[in-house]
Amino acid sequence: MANVQELEKIASQVRRDIVRMVHAVQSGHPGGSLGCTDFLTALYFKVMEHDPKFNMDGTNEDIFFLSNGHISPVFYSVLARSGYFDVKELATFRKLNSRLQGHPTTHEHLPGVRVASGSLGQGMSVAIGAALAKKINGDSHLVYSLHGDGELDEGQNWEAIMFAGSKRVDNLIATVDYNGQQIDGPTEKVMSLGNLHAKFEAFGWIVLDVEGNNMADLLRGLDEAKALTGNGKPVCLLMKTSMGKGVDFMEGSHEWHGIAPNDEQLAKALAQLPETLGDY
Amino acid sequence: MLKDIQVQNEKETRGGFGEGIYEIGKANPNVVVLTADLAGSMKIGPFIKEFPERYVQVGIAEANMIGIAAGLTIGGKIPYTTTFANFSTGRVYDQIRQSVAYSGKNVKICASHAGLTLGEDGATHQILEDIGMMKMLPGMTVIVPCDFNQTKAATKAIAAYEGPVYLRFGRPKWPNFTAEDGSDFVIGKAQVLNEGKDITLFACGHLVWKAIEAGRILEEKGYSVELINIHTIKPLDEEAVLKSITKTRCAVTCEEHNILGGLGDSIAQVAAKHLPIPIEYIGTKDTFGESGKPTELLAKYGLDTADIVAAAEKALSRK
């Protein structure tokens, strides 16, 4: 099992992958991807029991759903780096005839993806369905999901949040990339989330707060979340993150939500991110 | 002859769904039923009573229902979502598009109260665009059975049919005349109810019965009428369509749906490509419905027996 330092090394390589992928095709979403890198690294390299040989049903393993599909670069990098497919395939991101579509899809049969996402707000419902299937099947493994905080503007989330609380979907850990930014600006200005912690609690969830860019705190929070499953309530992990984390000129601003670095910016970014596992 | 078709009784097609879902639920332990606060209207009481662990009540939240259904397939379940046709399609088009169709999920979207025959609730609930929306989705199968027995048969058959399905049926009591055991229903295979040589009536759903009534009148007038029930609008049985129009050389399409985007469009596309012939269309003419009795509405919007007879005579005159 990887320790904190090892996970941080992997995360550095994943961040390199992200900026290189987005730079290569001059499109994609680096900001949210960089912000969620620590979480997805922790999840796939430490927290989840999962099989990179991949079967769609995910029976007897933990499964993950990415609801905010635009952060596909981090998802693809982590899947490749954890053995779902060859890291060389990262070079095909967003290109014609690629399995690495702009937003993740099952349509091209990319191992590790279980549902398409991109049109926002749909992933929590799907995760709940998979969690219910696990209950019906007597499978005690967990379902994880990730949602953008801006994505929570979508009403379907609140249908799902109400359902999970009401129907005691206690094998689900839904996580929120709580970076306070969305395309048009800070969430506080675009559409205030109010007291998100209290909102989830009011819907019958257990809510934990973690520092989403601090590996040690993330692991603590995820361990605690796991320990709290099976108690009649779904668990929500609010992860305080910085959009663009790890690249100083991208960090903390919505400006880097969906634009690619130029050659000079790429070089500047890579200089801040040690190559730990070898570039693809 | 069309007069030889025997009506067994009058029953709601949604009742056929209710019986079908109970039987397939009993036979297949992977079947899960979801509803959005319409368990009574959808006639799923017997299923709920016997298989409570495979029943999901989502409340009035159709988008969430579609998503949960997509998730249930991950783990091998065969989810049937149940609500009215309007809330099954238009309200959740993007959820169906991304989480079900594009994701290739084995979800069965079962929709009652489709079309004008919903009646008094009016246009907010009378969806007339759903066949079009669903048939445009890549990979989606669209089935519109014509009576109680056929709805029951289709409900059972789709469990073993891999991939997303839209199953559309309705509210009112309606003549029930297909095989009681459903043996005359095969997904994707057009059902020839009567062979003839002068004109083909293609129909789906409740209007199959109206087409039978119209065909009988046309027979009395001396025409030889071929009547084909296109219960599976997609994938369309093109071979059966072509075989029939090659013989009859004119047709009328009959559906409880907007003439834009429905069965008529599908038939016309086949004809235009392979064998252009005169076709007349029975359906709503790019309009919303309104409150009224089902029979009154079919008459007002031009979907009644007399309308089909008139359309047939017009098609025949254009040959």
# chains A, B, ... in the order shown; residues from 1 in each chain; ligands from 1
>>> residues_around(residues="Glu280 of chain B", least_positions_apart="2", cutoff="8 Å", atoms="only C-alpha atoms", output="list of chain:residue names")
B:Ala251, B:Val252, B:Thr253, B:Pro278, B:Ile282, B:Ala311, B:Ala312, B:Lys314, B:Ala315
>>> write_last_selection(atoms="N, CA and C atoms", output="PDB file, in the first residue's frame")
ATOM      1  N   ALA B 251     -50.511   3.671 -49.464  1.00  0.00           N
ATOM      2  CA  ALA B 251     -50.574   3.366 -48.032  1.00  0.00           C
ATOM      3  C   ALA B 251     -51.130   4.521 -47.215  1.00  0.00           C
ATOM      4  N   VAL B 252     -51.606   4.169 -46.012  1.00  0.00           N
ATOM      5  CA  VAL B 252     -51.960   5.158 -44.994  1.00  0.00           C
ATOM      6  C   VAL B 252     -51.227   4.748 -43.720  1.00  0.00           C
ATOM      7  N   THR B 253     -50.618   5.718 -43.045  1.00  0.00           N
ATOM      8  CA  THR B 253     -49.998   5.435 -41.750  1.00  0.00           C
ATOM      9  C   THR B 253     -50.877   6.021 -40.647  1.00  0.00           C
ATOM     10  N   PRO B 278     -47.950   6.818 -53.264  1.00  0.00           N
ATOM     11  CA  PRO B 278     -48.791   7.770 -52.509  1.00  0.00           C
ATOM     12  C   PRO B 278     -48.975   7.280 -51.060  1.00  0.00           C
ATOM     13  N   ILE B 282     -52.201   9.667 -40.984  1.00  0.00           N
ATOM     14  CA  ILE B 282     -53.139   9.918 -39.882  1.00  0.00           C
ATOM     15  C   ILE B 282     -52.325  10.107 -38.609  1.00  0.00           C
ATOM     16  N   ALA B 311     -58.685   9.005 -45.745  1.00  0.00           N
ATOM     17  CA  ALA B 311     -57.275   9.051 -46.151  1.00  0.00           C
ATOM     18  C   ALA B 311     -56.966   7.915 -47.111  1.00  0.00           C
ATOM     19  N   ALA B 312     -57.540   6.750 -46.852  1.00  0.00           N
ATOM     20  CA  ALA B 312     -57.301   5.589 -47.722  1.00  0.00           C
ATOM     21  C   ALA B 312     -57.853   5.854 -49.122  1.00  0.00           C
ATOM     22  N   LYS B 314     -58.259   8.667 -50.505  1.00  0.00           N
ATOM     23  CA  LYS B 314     -57.415   9.660 -51.155  1.00  0.00           C
ATOM     24  C   LYS B 314     -56.134   9.012 -51.688  1.00  0.00           C
ATOM     25  N   ALA B 315     -55.535   8.159 -50.884  1.00  0.00           N
ATOM     26  CA  ALA B 315     -54.308   7.472 -51.325  1.00  0.00           C
ATOM     27  C   ALA B 315     -54.599   6.599 -52.539  1.00  0.00           C
TER      28      ALA B 315
END
>>> select_by_dssp(residues="segment 46-227 of chain B", states="helix (DSSP H, G or I)", output="PyMOL selection string")
chain B and resi 46-50+52-54+62-73+85-88+90-102+116-118+130-135+148-160+207-220
>>> interface_residues(of="chain A", to="chain B", cutoff="8 Å", atoms="only C-alpha atoms", output="ChimeraX atom specification")
/A:56-59,105-107,114-117,119,122-134,136-137,156-157,159-160,163
>>> closest_residue(among="A:Asp248, A:Asp263, A:Asp153, A:Glu188", to="Ala24 of chain A", atoms="only C-alpha atoms")
A:Asp263
>>> residues_around(residues="segment 140-145 of chain A", least_positions_apart="2", cutoff="7 Å", atoms="only C-alpha atoms", output="list in words")
Asn60, Glu61, Asp62, Ile63, Phe64, Phe65, Leu66, Ser67, Met124, Ala127, Ala131, Lys134, Gly138, His147, Asn171, Leu172, Ile173, Ala174 and Thr175 of chain A
>>> write_last_selection(atoms="all heavy atoms", output="CSV table (one decimal), in the first residue's frame")
chain,number,residue,atom,x,y,z
A,60,ASN,N,-18.2,-7.2,-6.6
A,60,ASN,CA,-17.2,-7.5,-5.6
A,60,ASN,C,-15.9,-6.6,-5.7
A,60,ASN,O,-14.8,-7.1,-5.4
A,60,ASN,CB,-16.8,-9.0,-5.6
A,60,ASN,CG,-17.9,-9.9,-5.2
A,60,ASN,OD1,-18.7,-9.6,-4.3
A,60,ASN,ND2,-18.1,-11.0,-5.9
A,61,GLU,N,-16.2,-5.4,-6.1
A,61,GLU,CA,-15.1,-4.4,-6.0
A,61,GLU,C,-15.8,-3.0,-5.7
A,61,GLU,O,-17.0,-2.9,-5.9
A,61,GLU,CB,-14.3,-4.3,-7.3
A,61,GLU,CG,-15.0,-4.0,-8.5
A,61,GLU,CD,-14.1,-3.9,-9.8
A,61,GLU,OE1,-13.0,-3.4,-9.7
A,61,GLU,OE2,-14.6,-4.4,-10.8
A,62,ASP,N,-15.0,-2.1,-5.3
A,62,ASP,CA,-15.5,-0.7,-5.1
A,62,ASP,C,-15.5,-0.1,-6.5
A,62,ASP,O,-14.6,-0.4,-7.3
A,62,ASP,CB,-14.5,0.1,-4.2
A,62,ASP,CG,-14.5,-0.4,-2.8
A,62,ASP,OD1,-15.5,-1.0,-2.3
A,62,ASP,OD2,-13.4,-0.3,-2.2
A,63,ILE,N,-16.5,0.8,-6.7
A,63,ILE,CA,-16.5,1.4,-8.1
A,63,ILE,C,-16.7,2.9,-7.9
A,63,ILE,O,-17.2,3.4,-6.9
A,63,ILE,CB,-17.6,0.8,-9.0
A,63,ILE,CG1,-19.0,0.9,-8.4
A,63,ILE,CG2,-17.3,-0.6,-9.3
A,63,ILE,CD1,-20.1,0.4,-9.3
A,64,PHE,N,-16.3,3.6,-8.9
A,64,PHE,CA,-16.3,5.1,-8.9
A,64,PHE,C,-17.0,5.7,-10.1
A,64,PHE,O,-16.8,5.2,-11.2
A,64,PHE,CB,-14.8,5.6,-8.9
A,64,PHE,CG,-14.7,7.1,-9.1
A,64,PHE,CD1,-15.0,8.0,-8.1
A,64,PHE,CD2,-14.2,7.5,-10.4
A,64,PHE,CE1,-14.9,9.4,-8.4
A,64,PHE,CE2,-14.1,8.9,-10.6
A,64,PHE,CZ,-14.4,9.8,-9.6
A,65,PHE,N,-17.7,6.8,-9.9
A,65,PHE,CA,-18.4,7.5,-11.0
A,65,PHE,C,-17.9,8.9,-11.0
A,65,PHE,O,-18.0,9.6,-9.9
A,65,PHE,CB,-19.9,7.4,-10.8
A,65,PHE,CG,-20.4,6.0,-11.1
A,65,PHE,CD1,-20.7,5.2,-10.0
A,65,PHE,CD2,-20.6,5.6,-12.3
A,65,PHE,CE1,-21.2,3.9,-10.2
A,65,PHE,CE2,-21.1,4.3,-12.5
A,65,PHE,CZ,-21.4,3.5,-11.5
A,66,LEU,N,-17.4,9.4,-12.1
A,66,LEU,CA,-17.1,10.8,-12.3
A,66,LEU,C,-18.3,11.5,-12.9
A,66,LEU,O,-18.7,11.3,-14.0
A,66,LEU,CB,-15.9,10.9,-13.2
A,66,LEU,CG,-15.4,12.3,-13.5
A,66,LEU,CD1,-14.8,13.0,-12.3
A,66,LEU,CD2,-14.5,12.4,-14.7
A,67,SER,N,-18.9,12.4,-12.1
A,67,SER,CA,-20.1,13.1,-12.6
A,67,SER,C,-19.7,14.3,-13.4
A,67,SER,O,-20.3,14.6,-14.4
A,67,SER,CB,-21.0,13.5,-11.4
A,67,SER,OG,-22.2,14.0,-11.9
A,124,MET,N,-24.7,11.4,-9.7
A,124,MET,CA,-25.1,10.9,-8.4
A,124,MET,C,-26.2,9.9,-8.5
A,124,MET,O,-26.3,8.9,-7.8
A,124,MET,CB,-25.4,12.0,-7.5
A,124,MET,CG,-25.4,11.5,-6.0
A,124,MET,SD,-25.9,12.7,-4.8
A,124,MET,CE,-24.7,14.0,-5.0
A,127,ALA,N,-24.7,6.7,-9.6
A,127,ALA,CA,-24.0,6.1,-8.5
A,127,ALA,C,-25.0,5.4,-7.5
A,127,ALA,O,-24.7,4.3,-7.0
A,127,ALA,CB,-23.1,7.1,-7.8
A,131,ALA,N,-25.2,1.6,-6.4
A,131,ALA,CA,-25.2,1.2,-5.0
A,131,ALA,C,-26.4,0.3,-4.6
A,131,ALA,O,-26.3,-0.6,-3.8
A,131,ALA,CB,-25.2,2.5,-4.1
A,134,LYS,N,-25.7,-3.1,-5.8
A,134,LYS,CA,-24.8,-3.8,-4.9
A,134,LYS,C,-25.6,-4.4,-3.7
A,134,LYS,O,-25.4,-5.5,-3.2
A,134,LYS,CB,-23.7,-2.9,-4.4
A,134,LYS,CG,-22.6,-2.7,-5.4
A,134,LYS,CD,-21.3,-2.2,-4.8
A,134,LYS,CE,-20.2,-2.0,-5.8
A,134,LYS,NZ,-19.8,-3.3,-6.5
A,138,GLY,N,-26.1,-8.3,-2.7
A,138,GLY,CA,-25.4,-8.7,-1.5
A,138,GLY,C,-23.9,-8.5,-1.5
A,138,GLY,O,-23.1,-9.2,-0.9
A,147,HIS,N,-18.3,15.0,-7.7
A,147,HIS,CA,-19.2,16.1,-8.3
A,147,HIS,C,-18.5,17.4,-8.1
A,147,HIS,O,-17.9,17.7,-7.1
A,147,HIS,CB,-20.5,16.1,-7.5
A,147,HIS,CG,-21.1,14.8,-7.4
A,147,HIS,ND1,-22.0,14.2,-8.3
A,147,HIS,CD2,-20.9,13.8,-6.4
A,147,HIS,CE1,-22.3,13.0,-7.9
A,147,HIS,NE2,-21.6,12.7,-6.8
A,171,ASN,N,-24.2,2.8,1.3
A,171,ASN,CA,-23.0,2.2,0.7
A,171,ASN,C,-22.4,3.2,-0.3
A,171,ASN,O,-21.8,2.8,-1.3
A,171,ASN,CB,-23.2,0.8,0.2
A,171,ASN,CG,-24.4,0.8,-0.8
A,171,ASN,OD1,-25.2,1.7,-0.9
A,171,ASN,ND2,-24.5,-0.3,-1.6
A,172,LEU,N,-22.8,4.4,-0.2
A,172,LEU,CA,-22.4,5.5,-1.2
A,172,LEU,C,-21.6,6.5,-0.5
A,172,LEU,O,-22.0,7.0,0.6
A,172,LEU,CB,-23.6,6.1,-1.8
A,172,LEU,CG,-23.4,7.4,-2.6
A,172,LEU,CD1,-22.7,7.0,-3.9
A,172,LEU,CD2,-24.8,8.0,-3.0
A,173,ILE,N,-20.4,6.9,-1.0
A,173,ILE,CA,-19.6,8.0,-0.6
A,173,ILE,C,-19.5,9.0,-1.7
A,173,ILE,O,-18.9,8.8,-2.7
A,173,ILE,CB,-18.2,7.6,-0.1
A,173,ILE,CG1,-18.3,6.7,1.1
A,173,ILE,CG2,-17.4,8.9,0.3
A,173,ILE,CD1,-16.9,6.1,1.5
A,174,ALA,N,-20.3,10.1,-1.6
A,174,ALA,CA,-20.3,11.1,-2.7
A,174,ALA,C,-19.4,12.2,-2.3
A,174,ALA,O,-19.4,12.7,-1.1
A,174,ALA,CB,-21.7,11.7,-2.9
A,175,THR,N,-18.5,12.6,-3.2
A,175,THR,CA,-17.5,13.6,-2.8
A,175,THR,C,-17.7,14.8,-3.7
A,175,THR,O,-18.2,14.8,-4.8
A,175,THR,CB,-16.1,13.1,-3.0
A,175,THR,OG1,-15.8,12.9,-4.4
A,175,THR,CG2,-15.8,11.8,-2.3
>>> residues_around(residues="segment 151-168 of chain B", least_positions_apart="4", cutoff="7 Å", atoms="only C-alpha atoms", output="ChimeraX atom specification")
/B:13,16-17,19-21,24,78,85,100-101,104-112,114,134,140-145,147,182,185
>>> atom_distance(atom1="atom CA of Glu256 of chain B", atom2="atom CA of Cys204 of chain B")
8.0 Å
>>> closest_residue(among="B:Pro138, B:Gly119, B:Asn229, B:Lys197", to="Lys210 of chain B", atoms="only C-alpha atoms")
B:Asn229
>>> atom_distance(atom1="atom CA of Gln126 of chain B", atom2="atom CA of Lys189 of chain B")
27.6 Å
>>> residues_around(residues="Gly204 of chain A", least_positions_apart="6", cutoff="8 Å", atoms="only C-alpha atoms", output="ChimeraX atom specification")
/A:162,165-166,233-234
>>> select_by_dssp(residues="segment 89-128 of chain B", states="strand (DSSP E or B)", output="ChimeraX atom specification")
/B:108-112
>>> residues_around(residues="segment 197-200 of chain A", least_positions_apart="4", cutoff="10 Å", atoms="only C-alpha atoms", output="mmCIF file with all heavy atoms, in the first residue's frame")
data_model
loop_
_atom_site.group_PDB
_atom_site.id
_atom_site.type_symbol
_atom_site.label_atom_id
_atom_site.label_comp_id
_atom_site.auth_asym_id
_atom_site.auth_seq_id
_atom_site.Cartn_x
_atom_site.Cartn_y
_atom_site.Cartn_z
ATOM 1 N N TRP A 158 -30.182 17.311 -6.467
ATOM 2 C CA TRP A 158 -30.956 17.425 -5.227
ATOM 3 C C TRP A 158 -32.055 16.385 -5.174
ATOM 4 O O TRP A 158 -32.458 15.968 -4.073
ATOM 5 C CB TRP A 158 -31.448 18.865 -5.062
ATOM 6 C CG TRP A 158 -30.234 19.746 -4.955
ATOM 7 C CD1 TRP A 158 -29.633 20.441 -5.965
ATOM 8 C CD2 TRP A 158 -29.391 19.901 -3.803
ATOM 9 N NE1 TRP A 158 -28.484 21.049 -5.512
ATOM 10 C CE2 TRP A 158 -28.307 20.735 -4.187
ATOM 11 C CE3 TRP A 158 -29.441 19.430 -2.496
ATOM 12 C CZ2 TRP A 158 -27.294 21.096 -3.297
ATOM 13 C CZ3 TRP A 158 -28.438 19.798 -1.614
ATOM 14 C CH2 TRP A 158 -27.380 20.625 -2.014
ATOM 15 N N ILE A 161 -29.842 13.566 -3.947
ATOM 16 C CA ILE A 161 -29.438 13.757 -2.543
ATOM 17 C C ILE A 161 -30.613 13.435 -1.618
ATOM 18 O O ILE A 161 -30.469 12.767 -0.594
ATOM 19 C CB ILE A 161 -28.922 15.201 -2.328
ATOM 20 C CG1 ILE A 161 -27.597 15.397 -3.092
ATOM 21 C CG2 ILE A 161 -28.727 15.508 -0.848
ATOM 22 C CD1 ILE A 161 -27.163 16.851 -3.262
ATOM 23 N N MET A 162 -31.819 13.865 -2.029
ATOM 24 C CA MET A 162 -33.013 13.585 -1.230
ATOM 25 C C MET A 162 -33.288 12.083 -1.185
ATOM 26 O O MET A 162 -33.593 11.509 -0.139
ATOM 27 C CB MET A 162 -34.216 14.327 -1.813
ATOM 28 C CG MET A 162 -35.464 14.247 -0.948
ATOM 29 S SD MET A 162 -36.918 14.960 -1.759
ATOM 30 C CE MET A 162 -36.659 16.679 -1.455
ATOM 31 N N GLY A 165 -30.711 10.099 1.036
ATOM 32 C CA GLY A 165 -30.982 10.270 2.461
ATOM 33 C C GLY A 165 -32.233 9.529 2.874
ATOM 34 O O GLY A 165 -32.237 8.770 3.853
ATOM 35 N N LEU A 193 -23.807 28.562 -3.016
ATOM 36 C CA LEU A 193 -24.144 27.232 -2.513
ATOM 37 C C LEU A 193 -24.670 27.297 -1.078
ATOM 38 O O LEU A 193 -25.145 26.309 -0.544
ATOM 39 C CB LEU A 193 -22.910 26.322 -2.567
ATOM 40 C CG LEU A 193 -22.446 25.961 -3.980
ATOM 41 C CD1 LEU A 193 -21.001 25.492 -3.961
ATOM 42 C CD2 LEU A 193 -23.340 24.899 -4.571
ATOM 43 N N GLY A 204 -30.245 14.336 5.291
ATOM 44 C CA GLY A 204 -30.054 13.027 5.930
ATOM 45 C C GLY A 204 -28.716 12.374 5.684
ATOM 46 O O GLY A 204 -28.574 11.155 5.820
ATOM 47 N N TRP A 205 -27.712 13.174 5.315
ATOM 48 C CA TRP A 205 -26.390 12.618 5.050
ATOM 49 C C TRP A 205 -25.444 12.853 6.233
ATOM 50 O O TRP A 205 -25.613 13.798 7.002
ATOM 51 C CB TRP A 205 -25.765 13.297 3.813
ATOM 52 C CG TRP A 205 -26.394 12.938 2.506
ATOM 53 C CD1 TRP A 205 -27.704 13.075 2.165
ATOM 54 C CD2 TRP A 205 -25.720 12.417 1.351
ATOM 55 N NE1 TRP A 205 -27.897 12.659 0.862
ATOM 56 C CE2 TRP A 205 -26.694 12.256 0.342
ATOM 57 C CE3 TRP A 205 -24.394 12.069 1.077
ATOM 58 C CZ2 TRP A 205 -26.380 11.760 -0.932
ATOM 59 C CZ3 TRP A 205 -24.076 11.583 -0.188
ATOM 60 C CH2 TRP A 205 -25.072 11.413 -1.168
ATOM 61 N N ILE A 206 -24.413 12.024 6.308
ATOM 62 C CA ILE A 206 -23.265 12.304 7.161
ATOM 63 C C ILE A 206 -22.298 13.121 6.310
ATOM 64 O O ILE A 206 -22.013 12.740 5.166
ATOM 65 C CB ILE A 206 -22.573 11.007 7.612
ATOM 66 C CG1 ILE A 206 -23.523 10.162 8.461
ATOM 67 C CG2 ILE A 206 -21.280 11.318 8.374
ATOM 68 C CD1 ILE A 206 -23.036 8.746 8.691
ATOM 69 N N VAL A 207 -21.824 14.248 6.817
ATOM 70 C CA VAL A 207 -20.967 15.127 6.027
ATOM 71 C C VAL A 207 -19.611 15.311 6.697
ATOM 72 O O VAL A 207 -19.536 15.611 7.890
ATOM 73 C CB VAL A 207 -21.633 16.507 5.821
ATOM 74 C CG1 VAL A 207 -20.820 17.339 4.830
ATOM 75 C CG2 VAL A 207 -23.061 16.346 5.332
ATOM 76 N N LEU A 208 -18.544 15.106 5.950
ATOM 77 C CA LEU A 208 -17.183 15.301 6.448
ATOM 78 C C LEU A 208 -16.500 16.372 5.614
ATOM 79 O O LEU A 208 -16.756 16.481 4.410
ATOM 80 C CB LEU A 208 -16.387 13.993 6.317
ATOM 81 C CG LEU A 208 -16.967 12.761 7.004
ATOM 82 C CD1 LEU A 208 -16.133 11.525 6.651
ATOM 83 C CD2 LEU A 208 -17.016 12.957 8.511
ATOM 84 N N ASP A 209 -15.655 17.153 6.250
ATOM 85 C CA ASP A 209 -14.888 18.176 5.539
ATOM 86 C C ASP A 209 -13.420 17.794 5.544
ATOM 87 O O ASP A 209 -12.890 17.406 6.588
ATOM 88 C CB ASP A 209 -15.059 19.542 6.220
ATOM 89 C CG ASP A 209 -16.494 20.024 6.150
ATOM 90 O OD1 ASP A 209 -16.859 20.617 5.129
ATOM 91 O OD2 ASP A 209 -17.264 19.774 7.115
ATOM 92 N N PRO A 234 -26.135 7.919 3.802
ATOM 93 C CA PRO A 234 -25.077 8.122 2.820
ATOM 94 C C PRO A 234 -24.045 9.104 3.385
ATOM 95 O O PRO A 234 -24.353 9.882 4.283
ATOM 96 C CB PRO A 234 -25.812 8.748 1.629
ATOM 97 C CG PRO A 234 -27.034 9.373 2.215
ATOM 98 C CD PRO A 234 -27.394 8.572 3.438
ATOM 99 N N VAL A 235 -22.829 9.026 2.844
ATOM 100 C CA VAL A 235 -21.744 9.864 3.356
ATOM 101 C C VAL A 235 -21.296 10.838 2.270
ATOM 102 O O VAL A 235 -21.106 10.455 1.113
ATOM 103 C CB VAL A 235 -20.543 9.007 3.803
ATOM 104 C CG1 VAL A 235 -19.416 9.893 4.342
ATOM 105 C CG2 VAL A 235 -20.967 7.987 4.863
ATOM 106 N N CYS A 236 -21.144 12.097 2.663
ATOM 107 C CA CYS A 236 -20.650 13.129 1.740
ATOM 108 C C CYS A 236 -19.310 13.652 2.238
ATOM 109 O O CYS A 236 -19.149 13.920 3.422
ATOM 110 C CB CYS A 236 -21.667 14.270 1.670
ATOM 111 S SG CYS A 236 -21.045 15.729 0.811
ATOM 112 N N LEU A 237 -18.377 13.763 1.330
ATOM 113 C CA LEU A 237 -17.061 14.302 1.657
ATOM 114 C C LEU A 237 -16.894 15.617 0.900
ATOM 115 O O LEU A 237 -16.833 15.624 -0.326
ATOM 116 C CB LEU A 237 -15.997 13.289 1.227
ATOM 117 C CG LEU A 237 -14.600 13.390 1.813
ATOM 118 C CD1 LEU A 237 -14.599 13.190 3.322
ATOM 119 C CD2 LEU A 237 -13.693 12.336 1.157
ATOM 120 N N LEU A 238 -16.880 16.711 1.655
ATOM 121 C CA LEU A 238 -16.658 18.010 1.019
ATOM 122 C C LEU A 238 -15.164 18.273 1.012
ATOM 123 O O LEU A 238 -14.543 18.421 2.071
ATOM 124 C CB LEU A 238 -17.389 19.116 1.794
ATOM 125 C CG LEU A 238 -18.915 19.026 1.839
ATOM 126 C CD1 LEU A 238 -19.485 20.159 2.702
ATOM 127 C CD2 LEU A 238 -19.513 19.065 0.442
#
>>> closest_residue(among="B:Leu207, B:Ala214, B:Leu201, B:Ile96", to="Glu226 of chain B", atoms="only C-alpha atoms")
B:Leu201
>>> atom_distance(atom1="atom CA of Gly18 of chain B", atom2="atom CA of Ala39 of chain B")
9.8 Å
>>> residues_around(residues="Asp4 of chain B", least_positions_apart="5", cutoff="12 Å", atoms="only C-alpha atoms", output="VMD selection string")
chain B and resid 177 193 to 194 212 to 213 215 to 216 219
>>> closest_residue(among="A:Trp256, A:Tyr178, A:Phe39, A:Phe203", to="Val14 of chain A", atoms="only C-alpha atoms")
A:Phe39
>>> closest_residue(among="B:Gly196, B:Gly283, B:Gly292, B:Gly170", to="Arg249 of chain B", atoms="only C-alpha atoms")
B:Gly196
